[in-house]
Amino acid sequence: MRRKVVIVGGVAGGATAAARLRRLDETAEIVMVEKGEHISFANCGLPYYIGNVIEEREALLLQTVEGMSTRFNMDIRNLSEVIGINREERTVRIKNLRTNEEYNETYDVLVLSPGAKPIRPNIPGIDQAENIFTLRNIPDTDAIKAYIETCGTKKAVVIGGGFIGVEMAENLWELGIDVSLIEMSNQVMSPIDYEMAAILHEHMRNKGIHLYLEDGVKSFEDHGTNVVLSSGKTIETNLIILAIGVTPENELAKQAGLELGIKDTIAVNDQLQTSDENIYALGDAICVKDYINGMPAMIPLAWPANRQGRLVADHISGKQVTYKGTLGTSIAQVFDLTVAATGNNEKTLKRAEIDYKVIHLHPNAHAGYYPNATPISLKLIFNREGKILGAQGIGIQGVDKRIDVIATAIKGNLTVFDLPDLELSYAPPYSSAKDPVNMAGYMASNLLGGEFESIQWHEVGEVVASGSVLIDVREPAEVIKGTISTSVNIPLNQLRKKLNELSKDVPLYVFCQVGLRGYLATRILTAHGYTVKNIDGGYQTYKFTKLDEECRV
Ligand SMILES: Cc1cc2nc3c(=O)[nH]c(=O)nc-3n(C[C@H](O)[C@H](O)[C@H](O)COP(=O)(O)OP(=O)(O)OC[C@H]3O[C@@H](n4cnc5c(N)ncnc54)[C@H](O)[C@@H]3O)c2cc1C
């Protein structure tokens with residue numbers, strides 16, 4: 001029997017489901033309804049078009065209604081909004097936004113991929129300001145671009161330090177605009193932890209971005225030309241980008257009485273069916289299972305939407321498929337740096353009450369002796385059994401590869417003990433014979449094997465306050481550039497000669513620049529009967545958190 005599938009939403013998830021469905025079933029009747037003008041556009045590229053990094057608007061339009069209709073033999077209705085679902089009759093009500101005409105359309109199977117919309121909070125003055133924009137689609141992009149061009153924007157305020165906020169800050173900066181970024185929490189980029197974000201803060205400040213952390217917007221004054229913060233500070237601006245997060249487009253699901261999940265997402269089973277088995281849902285609007293901790297989560301990213309789109313089409317076509325959950329692997333460019341993460345961060349693991357261990361390392365992205373080697377700050381999180389729970393990386397080169405390898409390792413159920421055994425490609429311009437991922441595996445294995453003990457950057461303050469002995473094992477030339485107050489300098493190569501100056505009655509804490517010499521020092525000291533802990537990630541990890549504290553505007 002010829003089956004009729006109606007798909008709501010024609011961008012990432014919806015268009016993927018539609019195309020896969022056609023490939024699997026040449027006879028199905030496929031109706032894809034999209035309330036916007038454009039289907040299958042590159043939402044992820046929008047900030048870069050605003051910043052003129054992507055020069056051609058056409059490059060964002062991956063498919064046209066005509067092109068996709070012809071190739072996939074579909075009935076695509078753009079500028080058409082689904083405004084209701086009648087589950088009994090299996091019909092949807094559609095409003096043609098060109099003519100305002102309304103009509104019913106029957107379905108055998110309904111697929112909801114309506115996405116998530118930017119949150120617009122009820123802040124005093126928001127309705128009087130004509131310079132506040134959110135960014136979700138092509139019309140939003142056109143409006144921002146036109147405003148910048150016609151109003152001669154010199155100053156901009158970006159509210160929200162997530163992916164879109166940070167990408168917009170960078171792209172406005174590319175246009176020569178003076179940018180202030182306001183973020184309510186103590187860090188940008190919530191997928192990573194604070195000490196990693198501190199590296200980004202330093203970089204963004206160096207580029208000239210004014211970062212206002214742990215501050216929120218109290219009101220917009222003078223038609224949005226002044227942004228007043230909770231701290232009492234006022235920032236003058238021409239343009240405001242509101243990027244404080246998204247909320248699921250759940251009105252249809254709610255009205256149809258479908259079960260909802262956390263944050264009012266649409267609840268689905270492992271086959272992405274809602275509480276009505278004839279209605280599937282996917283993408284930003286749904287509640288997924290966090291792949292690491294198994295808890296319900298909203299993870300609005302393009303990979304899950306695309307993967308789920310394919311799986312929904314597979315399941316409709318009779319294939320036995322299961323969505324295994326979302327790992328949340330993500331990446332962004334922050335000026336000259338790349339930041340990427342996979343799995344859970346410490347904040348999430350604490351909320352889920354999952355025990356974990358952490359290592360930080362700062363290996364070069366490629367062999368140090370080959371020109372232009374730059375370090376990657378890498379963080380690996382795992383449990384006592386060696387299960388990998390998450391990873392975060394920041395650097396100029398090679399971050400994507402390392403995080404993707406670790407994401408693959410997680411999905412392949414590899415443990416930290418398997419990471420040293422990953423035989424990864426190597427030549428000097430690309431890596432080292434011990435790749436950073438191998439190194440992370442060695443370090444984690446050594447830690448779990450009891451070869452050394454470590455403390456984290458946030459425990460240093462307590463150690464300093466307690467008057468414990470802190471030994472900086474770097475060379476004096478490095479120490480001059482900055483060290484932890486109260487530490488004594490005993491370079492690693494002199495440590496054996498100076499053992500008699502150290503007491504065995506108190507615990508010792510050692511550190512170097514990135515953790516390696518500190519580790520060697522712990523081995524020497526332990527072998528001589530001292531109780532010693534290494535400061536994980538060395539001075540490099542610690543210093544960014546200190547700099548961040550000092551730089552708060
Ligand atoms: C500026 C920006 C940058 C991004 N960058 C990245 C990135 O770098 N990496 C990444 O992983 N993710 C990124 N994302 C997120 C990614 O785009 C989304 O996760 C993905 O598009 C979600 O797919 P979706 O199908 O759920 O929703 P969408 O792609 O948003 O599509 C939903 C569509 O449904 C339509 N719709 C909603 N309700 C109705 C209705 N009732 N009737 C008809 N149509 C309806 C909407 O108009 C919309 O076009 C970015 C998003 C934005 C906005």
# chains A, B, ... in the order shown; residues from 1 in each chain; ligands from 1
$ residues_near_ligand --ligand "ligand 1" --cutoff "6 Å" --atoms "only C-alpha atoms and all ligand atoms" --output "JSON, numbers by chain"
{"A": [8, 9, 10, 11, 12, 13, 14, 33, 34, 35, 36, 43, 44, 46, 47, 80, 81, 82, 83, 113, 114, 115, 116, 135, 136, 164, 283, 284, 285, 300, 301, 302, 303, 305]}
$ write_last_selection --atoms "C-alpha atoms" --output "compact mmCIF listing (two decimals), in the first residue's frame"
# COMPACT_ATOMS: atom_id res chain seq x y z
CA VAL A 8 7.02 19.03 9.71
CA GLY A 9 10.20 21.06 9.30
CA GLY A 10 12.38 21.06 6.21
CA VAL A 11 15.88 21.78 7.44
CA ALA A 12 18.43 19.51 9.16
CA GLY A 13 16.35 16.64 10.55
CA GLY A 14 13.26 16.96 8.36
CA VAL A 33 5.99 21.25 5.26
CA GLU A 34 8.25 24.17 6.18
CA LYS A 35 7.02 27.43 7.61
CA GLY A 36 10.04 29.37 6.41
CA ASN A 43 22.14 27.21 9.73
CA CYS A 44 25.63 26.46 11.06
CA LEU A 46 24.95 31.80 9.23
CA PRO A 47 27.38 33.57 11.63
CA SER A 80 3.38 26.70 5.11
CA GLU A 81 2.93 26.17 8.83
CA VAL A 82 1.45 23.11 10.46
CA ILE A 83 -0.82 24.63 13.10
CA SER A 113 11.39 17.97 13.17
CA PRO A 114 10.41 21.53 14.13
CA GLY A 115 13.72 22.44 15.81
CA ALA A 116 14.21 24.88 18.64
CA LEU A 135 19.82 34.21 14.87
CA ARG A 136 18.15 31.08 13.63
CA ILE A 164 26.15 31.04 18.62
CA GLY A 283 16.22 16.92 16.21
CA ASP A 284 16.52 19.89 18.53
CA ALA A 285 12.94 19.53 19.78
CA PRO A 300 20.49 20.67 20.10
CA LEU A 301 23.22 19.88 17.58
CA ALA A 302 23.33 19.08 13.89
CA TRP A 303 24.84 15.57 14.11
CA ALA A 305 19.38 15.76 14.00
$ select_by_dssp --residues "segment 119-353 of chain A" --states "alpha helix (DSSP H)" --output "PDB file with C-alpha atoms, in the first residue's frame"
ATOM      1  CA  ILE A 138      18.121  33.149   6.676  1.00  0.00           C
ATOM      2  CA  PRO A 139      15.657  36.019   7.315  1.00  0.00           C
ATOM      3  CA  ASP A 140      17.318  36.620  10.747  1.00  0.00           C
ATOM      4  CA  THR A 141      20.690  36.658   9.003  1.00  0.00           C
ATOM      5  CA  ASP A 142      19.508  39.078   6.313  1.00  0.00           C
ATOM      6  CA  ALA A 143      18.056  41.363   8.982  1.00  0.00           C
ATOM      7  CA  ILE A 144      21.296  41.441  11.004  1.00  0.00           C
ATOM      8  CA  LYS A 145      23.423  42.019   7.923  1.00  0.00           C
ATOM      9  CA  ALA A 146      21.164  44.787   6.636  1.00  0.00           C
ATOM     10  CA  TYR A 147      21.099  46.469  10.050  1.00  0.00           C
ATOM     11  CA  ILE A 148      24.887  46.440  10.312  1.00  0.00           C
ATOM     12  CA  GLU A 149      25.258  47.846   6.803  1.00  0.00           C
ATOM     13  CA  THR A 150      22.612  50.561   7.032  1.00  0.00           C
ATOM     14  CA  CYS A 151      23.151  51.674  10.633  1.00  0.00           C
ATOM     15  CA  PHE A 163      28.271  28.477  20.436  1.00  0.00           C
ATOM     16  CA  ILE A 164      26.147  31.040  18.623  1.00  0.00           C
ATOM     17  CA  GLY A 165      27.103  33.903  20.959  1.00  0.00           C
ATOM     18  CA  VAL A 166      30.818  33.228  20.688  1.00  0.00           C
ATOM     19  CA  GLU A 167      30.667  32.692  16.919  1.00  0.00           C
ATOM     20  CA  MET A 168      28.716  35.923  16.524  1.00  0.00           C
ATOM     21  CA  ALA A 169      31.215  37.813  18.712  1.00  0.00           C
ATOM     22  CA  GLU A 170      34.015  36.624  16.462  1.00  0.00           C
ATOM     23  CA  ASN A 171      32.196  37.433  13.233  1.00  0.00           C
ATOM     24  CA  LEU A 172      31.140  40.914  14.360  1.00  0.00           C
ATOM     25  CA  TRP A 173      34.751  41.500  15.394  1.00  0.00           C
ATOM     26  CA  GLU A 174      35.773  40.411  11.882  1.00  0.00           C
ATOM     27  CA  TYR A 194      35.792  26.375  33.685  1.00  0.00           C
ATOM     28  CA  GLU A 195      39.583  25.909  33.643  1.00  0.00           C
ATOM     29  CA  MET A 196      39.403  25.073  29.926  1.00  0.00           C
ATOM     30  CA  ALA A 197      37.082  27.993  29.196  1.00  0.00           C
ATOM     31  CA  ALA A 198      39.580  30.261  31.007  1.00  0.00           C
ATOM     32  CA  ILE A 199      41.947  29.636  28.063  1.00  0.00           C
ATOM     33  CA  LEU A 200      39.251  30.943  25.709  1.00  0.00           C
ATOM     34  CA  HIS A 201      38.564  33.928  27.959  1.00  0.00           C
ATOM     35  CA  GLU A 202      42.221  34.944  27.803  1.00  0.00           C
ATOM     36  CA  HIS A 203      42.261  34.557  24.014  1.00  0.00           C
ATOM     37  CA  MET A 204      39.046  36.515  23.501  1.00  0.00           C
ATOM     38  CA  ARG A 205      40.231  39.325  25.763  1.00  0.00           C
ATOM     39  CA  ASN A 206      43.516  39.469  23.852  1.00  0.00           C
ATOM     40  CA  LYS A 207      41.522  39.923  20.653  1.00  0.00           C
ATOM     41  CA  GLU A 251       3.467  23.703  20.574  1.00  0.00           C
ATOM     42  CA  LEU A 252       2.176  21.111  18.114  1.00  0.00           C
ATOM     43  CA  ALA A 253       3.190  18.196  20.316  1.00  0.00           C
ATOM     44  CA  LYS A 254       1.675  19.849  23.380  1.00  0.00           C
ATOM     45  CA  GLN A 255      -1.576  20.630  21.613  1.00  0.00           C
ATOM     46  CA  ALA A 302      23.335  19.082  13.889  1.00  0.00           C
ATOM     47  CA  TRP A 303      24.837  15.571  14.106  1.00  0.00           C
ATOM     48  CA  PRO A 304      22.018  14.148  16.249  1.00  0.00           C
ATOM     49  CA  ALA A 305      19.376  15.761  14.002  1.00  0.00           C
ATOM     50  CA  ASN A 306      20.942  14.257  10.882  1.00  0.00           C
ATOM     51  CA  ARG A 307      21.474  10.834  12.446  1.00  0.00           C
ATOM     52  CA  GLN A 308      17.957  10.734  13.839  1.00  0.00           C
ATOM     53  CA  GLY A 309      16.524  11.840  10.480  1.00  0.00           C
ATOM     54  CA  ARG A 310      18.037   8.805   8.851  1.00  0.00           C
ATOM     55  CA  LEU A 311      16.967   6.433  11.622  1.00  0.00           C
ATOM     56  CA  VAL A 312      13.374   7.693  11.547  1.00  0.00           C
ATOM     57  CA  ALA A 313      13.206   7.016   7.801  1.00  0.00           C
ATOM     58  CA  ASP A 314      14.764   3.591   8.365  1.00  0.00           C
ATOM     59  CA  HIS A 315      12.227   2.694  11.045  1.00  0.00           C
ATOM     60  CA  ILE A 316       9.279   3.935   8.992  1.00  0.00           C
ATOM     61  CA  GLU A 346      32.736  17.672  35.259  1.00  0.00           C
ATOM     62  CA  LYS A 347      29.671  19.842  35.849  1.00  0.00           C
ATOM     63  CA  THR A 348      27.376  17.221  34.309  1.00  0.00           C
ATOM     64  CA  LEU A 349      29.038  14.338  36.126  1.00  0.00           C
ATOM     65  CA  LYS A 350      28.682  16.131  39.453  1.00  0.00           C
ATOM     66  CA  ARG A 351      24.984  16.724  38.775  1.00  0.00           C
TER      67      ARG A 351
END
$ closest_residue --among "A:Phe41, A:Tyr107, A:Tyr430, A:Phe335" --to "Thr374 of chain A" --atoms "only C-alpha atoms"
A:Tyr430
$ residues_around --residues "Glu478 of chain A" --least-positions-apart "5" --cutoff "10 Å" --atoms "only C-alpha atoms" --output "number ranges by chain"
A: 472-473, 483, 512-513
$ select_by_dssp --residues "segment 167-371 of chain A" --states "strand (DSSP E)" --output "PyMOL selection string"
chain A and resi 178-183+210-213+217-221+226-229+234-236+239-242+246-248+279-281+288-289+296-297+330-334+337-343+357-361
$ write_last_selection --atoms "C-alpha atoms" --output "short mmCIF file (atom, residue, chain, number, x, y, z; two decimals), in the first residue's frame"
data_model
loop_
_atom_site.label_atom_id
_atom_site.label_comp_id
_atom_site.auth_asym_id
_atom_site.auth_seq_id
_atom_site.Cartn_x
_atom_site.Cartn_y
_atom_site.Cartn_z
CA ASP A 178 33.76 46.65 19.05
CA VAL A 179 32.15 43.66 20.80
CA SER A 180 31.08 43.12 24.40
CA LEU A 181 29.94 39.64 25.39
CA ILE A 182 27.76 39.16 28.45
CA GLU A 183 27.45 35.76 30.07
CA HIS A 210 35.03 42.85 26.42
CA LEU A 211 33.93 39.86 28.47
CA TYR A 212 31.36 40.35 31.20
CA LEU A 213 31.13 37.06 33.10
CA VAL A 217 21.12 41.95 31.59
CA LYS A 218 18.84 43.90 33.92
CA SER A 219 17.28 46.15 31.30
CA PHE A 220 17.59 47.69 27.86
CA GLU A 221 17.42 51.47 28.04
CA ASN A 226 22.25 51.17 26.55
CA VAL A 227 22.38 47.72 28.10
CA VAL A 228 22.21 47.82 31.89
CA LEU A 229 23.71 44.82 33.69
CA THR A 234 25.99 50.10 31.52
CA ILE A 235 27.24 49.26 28.03
CA GLU A 236 26.55 51.59 25.14
CA LEU A 239 23.44 46.34 18.00
CA ILE A 240 22.39 43.56 20.36
CA ILE A 241 22.53 39.85 19.55
CA LEU A 242 20.49 37.74 21.92
CA VAL A 246 17.03 27.77 22.57
CA THR A 247 13.75 26.24 23.60
CA PRO A 248 12.07 23.34 21.77
CA ILE A 279 4.18 10.21 15.13
CA TYR A 280 7.96 10.38 15.17
CA ALA A 281 9.98 13.31 16.47
CA VAL A 288 17.43 12.35 24.10
CA LYS A 289 19.26 9.95 26.36
CA PRO A 296 17.30 12.61 29.72
CA ALA A 297 18.84 15.61 27.99
CA SER A 330 30.85 19.50 19.54
CA ILE A 331 33.41 21.89 18.12
CA ALA A 332 33.73 25.61 17.51
CA GLN A 333 36.25 28.07 16.25
CA VAL A 334 37.06 30.86 18.71
CA LEU A 337 41.64 28.60 18.63
CA THR A 338 39.53 25.51 18.18
CA VAL A 339 37.52 24.22 21.12
CA ALA A 340 35.97 20.77 21.06
CA ALA A 341 34.39 18.41 23.54
CA THR A 342 32.76 15.02 23.73
CA GLY A 343 30.85 13.18 26.42
CA LYS A 357 39.05 11.24 37.65
CA VAL A 358 40.62 13.93 35.51
CA ILE A 359 43.89 14.50 33.73
CA HIS A 360 45.07 17.58 31.85
CA LEU A 361 47.90 17.55 29.35
#
$ closest_atom_pairs --of "segment 422-445 of chain A" --to "segment 519-542 of chain A" --cutoff "12 Å" --atoms "only C-alpha atoms" --output "tab-separated table"
residue	atom	partner	partner_atom	distance
A:Ala440	CA	A:Gly537	CA	11.3
A:Tyr442	CA	A:Tyr519	CA	11.9
A:Met443	CA	A:Tyr519	CA	9.3
A:Ala444	CA	A:Asp536	CA	11.2
$ closest_residue --among "A:Gly318, A:Phe133, A:Pro428, A:Ala17" --to "Gly368 of chain A" --atoms "only C-alpha atoms"
A:Pro428
$ closest_atom_pairs --of "segment 404-483 of chain A" --to "segment 544-552 of chain A" --cutoff "12 Å" --atoms "only C-alpha atoms" --output "Markdown table"
| residue | atom | partner | partner_atom | distance |
| --- | --- | --- | --- | --- |
| A:Gln456 | CA | A:Thr545 | CA | 11.8 |
| A:Trp457 | CA | A:Thr545 | CA | 8.2 |
| A:His458 | CA | A:Thr545 | CA | 8.7 |
| A:Val460 | CA | A:Lys546 | CA | 10.9 |
| A:Gly461 | CA | A:Lys546 | CA | 10.4 |
| A:Gly482 | CA | A:Lys546 | CA | 10.9 |
| A:Thr483 | CA | A:Lys546 | CA | 10.7 |
$ atom_distance --atom1 "atom CA of Ser432 of chain A" --atom2 "atom CA of Asn413 of chain A"
24.7 Å
$ atom_distance --atom1 "atom CA of Gly245 of chain A" --atom2 "atom CA of Asn122 of chain A"
14.2 Å
$ residues_around --residues "segment 384-386 of chain A" --least-positions-apart "6" --cutoff "8 Å" --atoms "only C-alpha atoms" --output "PyMOL selection string"
chain A and resi 356-357+415-417+444-445+448
$ decode --residues "segment 160-208 of chain A" --atoms "C-alpha atoms" --output "short mmCIF file (atom, residue, chain, number, x, y, z; two decimals), in the first residue's frame"
data_model
loop_
_atom_site.label_atom_id
_atom_site.label_comp_id
_atom_site.auth_asym_id
_atom_site.auth_seq_id
_atom_site.Cartn_x
_atom_site.Cartn_y
_atom_site.Cartn_z
CA GLY A 160 25.15 34.63 25.82
CA GLY A 161 28.48 32.84 25.60
CA GLY A 162 27.33 29.61 23.95
CA PHE A 163 28.27 28.48 20.44
CA ILE A 164 26.15 31.04 18.62
CA GLY A 165 27.10 33.90 20.96
CA VAL A 166 30.82 33.23 20.69
CA GLU A 167 30.67 32.69 16.92
CA MET A 168 28.72 35.92 16.52
CA ALA A 169 31.22 37.81 18.71
CA GLU A 170 34.02 36.62 16.46
CA ASN A 171 32.20 37.43 13.23
CA LEU A 172 31.14 40.91 14.36
CA TRP A 173 34.75 41.50 15.39
CA GLU A 174 35.77 40.41 11.88
CA LEU A 175 33.70 43.34 10.62
CA GLY A 176 35.68 45.76 12.80
CA ILE A 177 32.90 46.14 15.38
CA ASP A 178 33.76 46.65 19.05
CA VAL A 179 32.15 43.66 20.80
CA SER A 180 31.08 43.12 24.40
CA LEU A 181 29.94 39.64 25.39
CA ILE A 182 27.76 39.16 28.45
CA GLU A 183 27.45 35.76 30.07
CA MET A 184 25.52 34.94 33.22
CA SER A 185 27.70 32.00 34.29
CA ASN A 186 31.41 32.19 35.07
CA GLN A 187 32.45 30.88 31.64
CA VAL A 188 31.70 30.77 27.94
CA MET A 189 31.06 27.49 26.09
CA SER A 190 29.19 25.35 28.59
CA PRO A 191 30.24 21.96 27.10
CA ILE A 192 33.72 22.50 28.56
CA ASP A 193 34.73 23.09 32.17
CA TYR A 194 35.79 26.38 33.69
CA GLU A 195 39.58 25.91 33.64
CA MET A 196 39.40 25.07 29.93
CA ALA A 197 37.08 27.99 29.20
CA ALA A 198 39.58 30.26 31.01
CA ILE A 199 41.95 29.64 28.06
CA LEU A 200 39.25 30.94 25.71
CA HIS A 201 38.56 33.93 27.96
CA GLU A 202 42.22 34.94 27.80
CA HIS A 203 42.26 34.56 24.01
CA MET A 204 39.05 36.52 23.50
CA ARG A 205 40.23 39.33 25.76
CA ASN A 206 43.52 39.47 23.85
CA LYS A 207 41.52 39.92 20.65
CA GLY A 208 39.75 42.88 22.24
#
